[in-house]
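The file input_1.tsv comes next; it holds TSV, N, CA and C atoms.
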```tsv
chain	number	residue	atom	x	y	z
D	1	MET	N	12.96	-44.84	-3.94
D	1	MET	CA	13.11	-43.47	-4.34
D	1	MET	C	14.58	-43.24	-4.69
D	2	THR	N	14.79	-42.62	-5.81
D	2	THR	CA	16.15	-42.38	-6.24
D	2	THR	C	16.70	-41.11	-5.57
D	3	THR	N	18.01	-40.94	-5.70
D	3	THR	CA	18.65	-39.76	-5.12
D	3	THR	C	18.15	-38.49	-5.78
D	4	ARG	N	17.94	-38.54	-7.07
D	4	ARG	CA	17.46	-37.37	-7.80
D	4	ARG	C	16.07	-36.94	-7.31
D	5	GLN	N	15.18	-37.91	-7.07
D	5	GLN	CA	13.84	-37.59	-6.55
D	5	GLN	C	13.94	-37.00	-5.14
D	6	SER	N	14.81	-37.56	-4.33
D	6	SER	CA	14.98	-37.09	-2.96
D	6	SER	C	15.48	-35.65	-2.92
D	7	VAL	N	16.44	-35.33	-3.77
D	7	VAL	CA	16.97	-33.97	-3.84
D	7	VAL	C	15.88	-33.01	-4.33
D	8	GLY	N	15.10	-33.42	-5.29
D	8	GLY	CA	14.02	-32.58	-5.81
D	8	GLY	C	12.96	-32.30	-4.76
D	9	ILE	N	12.62	-33.31	-3.97
D	9	ILE	CA	11.61	-33.14	-2.92
D	9	ILE	C	12.14	-32.19	-1.85
D	10	ARG	N	13.41	-32.34	-1.47
D	10	ARG	CA	14.00	-31.46	-0.46
D	10	ARG	C	14.06	-30.01	-0.96
D	11	LYS	N	14.41	-29.84	-2.22
D	11	LYS	CA	14.49	-28.49	-2.79
D	11	LYS	C	13.10	-27.85	-2.82
D	12	THR	N	12.10	-28.60	-3.21
D	12	THR	CA	10.73	-28.10	-3.25
D	12	THR	C	10.25	-27.73	-1.85
D	13	ALA	N	10.53	-28.58	-0.88
D	13	ALA	CA	10.13	-28.32	0.50
D	13	ALA	C	10.83	-27.06	1.03
D	14	ARG	N	12.10	-26.90	0.73
D	14	ARG	CA	12.86	-25.73	1.17
D	14	ARG	C	12.28	-24.46	0.56
D	15	GLN	N	11.98	-24.49	-0.73
D	15	GLN	CA	11.42	-23.31	-1.39
D	15	GLN	C	10.04	-22.97	-0.82
D	16	PHE	N	9.25	-23.99	-0.50
D	16	PHE	CA	7.94	-23.76	0.08
D	16	PHE	C	8.06	-23.11	1.46
D	17	ILE	N	8.99	-23.58	2.26
D	17	ILE	CA	9.19	-23.01	3.60
D	17	ILE	C	9.66	-21.55	3.50
D	18	VAL	N	10.57	-21.27	2.58
D	18	VAL	CA	11.04	-19.88	2.39
D	18	VAL	C	9.88	-18.99	1.95
D	19	ALA	N	9.06	-19.46	1.03
D	19	ALA	CA	7.91	-18.68	0.57
D	19	ALA	C	6.91	-18.47	1.70
D	20	MET	N	6.70	-19.48	2.53
D	20	MET	CA	5.76	-19.37	3.64
D	20	MET	C	6.26	-18.35	4.68
D	21	VAL	N	7.55	-18.36	4.96
D	21	VAL	CA	8.11	-17.39	5.91
D	21	VAL	C	8.01	-15.98	5.35
D	22	ALA	N	8.29	-15.81	4.07
D	22	ALA	CA	8.19	-14.49	3.45
D	22	ALA	C	6.75	-13.96	3.48
D	23	CYS	N	5.80	-14.80	3.17
D	23	CYS	CA	4.39	-14.37	3.19
D	23	CYS	C	3.94	-14.03	4.61
D	24	THR	N	4.41	-14.80	5.59
D	24	THR	CA	4.07	-14.52	6.98
D	24	THR	C	4.64	-13.17	7.41
D	25	ALA	N	5.86	-12.87	6.99
D	25	ALA	CA	6.47	-11.59	7.33
D	25	ALA	C	5.71	-10.43	6.69
D	26	VAL	N	5.29	-10.59	5.45
D	26	VAL	CA	4.53	-9.53	4.77
D	26	VAL	C	3.18	-9.34	5.46
D	27	ALA	N	2.52	-10.43	5.81
D	27	ALA	CA	1.22	-10.33	6.49
D	27	ALA	C	1.37	-9.69	7.86
D	28	ALA	N	2.43	-10.01	8.58
D	28	ALA	CA	2.66	-9.40	9.89
D	28	ALA	C	2.93	-7.91	9.75
D	29	GLY	N	3.68	-7.53	8.73
D	29	GLY	CA	3.93	-6.10	8.49
D	29	GLY	C	2.66	-5.36	8.15
D	30	ALA	N	1.81	-5.97	7.34
D	30	ALA	CA	0.54	-5.33	6.99
D	30	ALA	C	-0.36	-5.21	8.20
D	31	ALA	N	-0.38	-6.23	9.05
D	31	ALA	CA	-1.19	-6.17	10.27
D	31	ALA	C	-0.68	-5.08	11.20
D	32	PHE	N	0.63	-4.90	11.27
D	32	PHE	CA	1.19	-3.85	12.12
D	32	PHE	C	0.82	-2.48	11.59
D	33	VAL	N	0.83	-2.31	10.29
D	33	VAL	CA	0.52	-1.00	9.69
D	33	VAL	C	-0.93	-0.61	9.96
D	34	VAL	N	-1.85	-1.54	9.89
D	34	VAL	CA	-3.27	-1.21	10.07
D	34	VAL	C	-3.74	-1.36	11.50
D	35	SER	N	-2.86	-1.67	12.43
D	35	SER	CA	-3.26	-1.85	13.82
D	35	SER	C	-3.69	-0.52	14.43
D	36	PRO	N	-4.58	-0.56	15.40
D	36	PRO	CA	-5.07	0.69	16.01
D	36	PRO	C	-3.98	1.50	16.71
D	37	GLY	N	-2.93	0.88	17.15
D	37	GLY	CA	-1.87	1.59	17.86
D	37	GLY	C	-0.89	2.29	16.95
D	38	SER	N	-1.01	2.13	15.64
D	38	SER	CA	-0.07	2.76	14.73
D	38	SER	C	-0.41	4.24	14.55
D	39	ASP	N	0.47	4.98	13.93
D	39	ASP	CA	0.25	6.41	13.73
D	39	ASP	C	-1.01	6.65	12.92
D	40	PRO	N	-1.72	7.75	13.19
D	40	PRO	CA	-2.94	8.03	12.44
D	40	PRO	C	-2.63	8.41	10.99
D	41	VAL	N	-3.54	8.10	10.13
D	41	VAL	CA	-3.40	8.42	8.72
D	41	VAL	C	-3.98	9.81	8.48
D	42	VAL	N	-3.24	10.64	7.78
D	42	VAL	CA	-3.70	11.99	7.48
D	42	VAL	C	-4.64	11.92	6.28
D	43	PRO	N	-5.86	12.40	6.40
D	43	PRO	CA	-6.78	12.34	5.26
D	43	PRO	C	-6.35	13.33	4.17
D	44	HIS	N	-6.52	12.93	2.94
D	44	HIS	CA	-6.20	13.78	1.80
D	44	HIS	C	-7.47	14.42	1.29
D	45	THR	N	-7.39	15.71	1.01
D	45	THR	CA	-8.54	16.40	0.45
D	45	THR	C	-8.15	17.00	-0.90
D	46	ILE	N	-9.14	17.22	-1.71
D	46	ILE	CA	-8.91	17.77	-3.04
D	46	ILE	C	-9.07	19.29	-2.95
D	47	ALA	N	-8.19	20.01	-3.62
D	47	ALA	CA	-8.24	21.47	-3.60
D	47	ALA	C	-9.58	21.96	-4.10
D	48	GLY	N	-10.12	22.93	-3.38
D	48	GLY	CA	-11.40	23.51	-3.77
D	48	GLY	C	-12.58	22.89	-3.07
D	49	ILE	N	-12.42	21.73	-2.49
D	49	ILE	CA	-13.54	21.08	-1.81
D	49	ILE	C	-13.56	21.45	-0.33
D	50	ALA	N	-12.40	21.40	0.30
D	50	ALA	CA	-12.31	21.79	1.70
D	50	ALA	C	-11.35	22.96	1.81
D	51	ASP	N	-11.76	24.02	2.52
D	51	ASP	CA	-10.90	25.19	2.60
D	51	ASP	C	-9.92	25.14	3.76
D	52	ASP	N	-9.86	24.05	4.49
D	52	ASP	CA	-8.94	23.96	5.62
D	52	ASP	C	-7.68	23.16	5.29
D	53	ASN	N	-7.46	22.81	4.05
D	53	ASN	CA	-6.29	22.02	3.70
D	53	ASN	C	-5.13	22.84	3.17
D	54	GLY	N	-5.24	24.18	3.17
D	54	GLY	CA	-4.15	25.02	2.73
D	54	GLY	C	-4.12	25.29	1.24
D	55	TRP	N	-4.97	24.64	0.48
D	55	TRP	CA	-5.00	24.87	-0.96
D	55	TRP	C	-5.90	26.07	-1.25
D	56	PRO	N	-5.63	26.80	-2.32
D	56	PRO	CA	-6.50	27.93	-2.66
D	56	PRO	C	-7.88	27.44	-3.10
D	57	VAL	N	-8.87	28.16	-2.68
D	57	VAL	CA	-10.24	27.80	-3.03
D	57	VAL	C	-10.73	28.81	-4.05
D	58	PRO	N	-11.27	28.35	-5.18
D	58	PRO	CA	-11.76	29.31	-6.17
D	58	PRO	C	-12.95	30.08	-5.61
D	59	PRO	N	-13.07	31.35	-5.97
D	59	PRO	CA	-14.20	32.14	-5.45
D	59	PRO	C	-15.52	31.58	-5.95
D	60	THR	N	-16.52	31.72	-5.11
D	60	THR	CA	-17.83	31.18	-5.48
D	60	THR	C	-18.54	32.07	-6.49
D	61	ASN	N	-18.38	33.41	-6.38
D	61	ASN	CA	-19.00	34.35	-7.33
D	61	ASN	C	-17.90	35.23	-7.92
D	62	PRO	N	-17.22	34.77	-8.97
D	62	PRO	CA	-16.17	35.60	-9.53
D	62	PRO	C	-16.77	36.82	-10.23
D	63	THR	N	-16.01	37.90	-10.19
D	63	THR	CA	-16.50	39.11	-10.85
D	63	THR	C	-16.38	38.92	-12.36
D	64	PRO	N	-17.37	39.33	-13.09
D	64	PRO	CA	-17.31	39.15	-14.54
D	64	PRO	C	-16.27	40.08	-15.15
D	65	SER	N	-15.62	39.60	-16.18
D	65	SER	CA	-14.63	40.43	-16.87
D	65	SER	C	-15.36	41.42	-17.77
D	66	PRO	N	-14.84	42.64	-17.87
D	66	PRO	CA	-15.52	43.62	-18.73
D	66	PRO	C	-15.40	43.23	-20.19
D	67	THR	N	-16.50	43.36	-20.88
D	67	THR	CA	-16.49	43.06	-22.31
D	67	THR	C	-16.72	44.36	-23.09
D	68	ASN	N	-16.13	44.51	-24.22
D	68	ASN	CA	-16.28	45.71	-25.05
D	68	ASN	C	-17.39	45.59	-26.03
```
Can the structure from this file be put into structure tokens for me?
Amino acid sequence: MTTRQSVGIRKTARQFIVAMVACTAVAAGAAFVVSPGSDPVVPHTIAGIADDNGWPVPPTNPTPSPTN
């Protein structure tokens, strides 16, 4: 094996290890976010569907506008 091949193999191995550590860190962060002990997620509602979300709800029977 030549020196050039040896350097290339070491560089490839180093890059693989760095990528593996980065992916492990991202996976650990994602697991922490979705773990049961994390803060609860606030559900999002669409205005007009639920009247308890603070958004205005359109009236169910609007008064008709006078026509001439």
Subject >> Atomic distance atom N of D:Ala28 - atom N of D:Lys11, expressed in Å with one decimal >> reply: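 Result for atom N of D:Ala28 versus atom N of D:Lys11: 25.6 Å, one decimal.
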**OP:** State, in Å with one decimal place, the distance from atom C of D:Thr2 to atom N of D:Val21.
**Re:** 26.7 Å
Subject >> For atom CA of D:Phe16 and atom N of D:Val33, the interatomic separation in Å (one decimal) >> reply: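 Spanning atom CA of D:Phe16 to atom N of D:Val33 is a straight-line distance of 24.8 Å.
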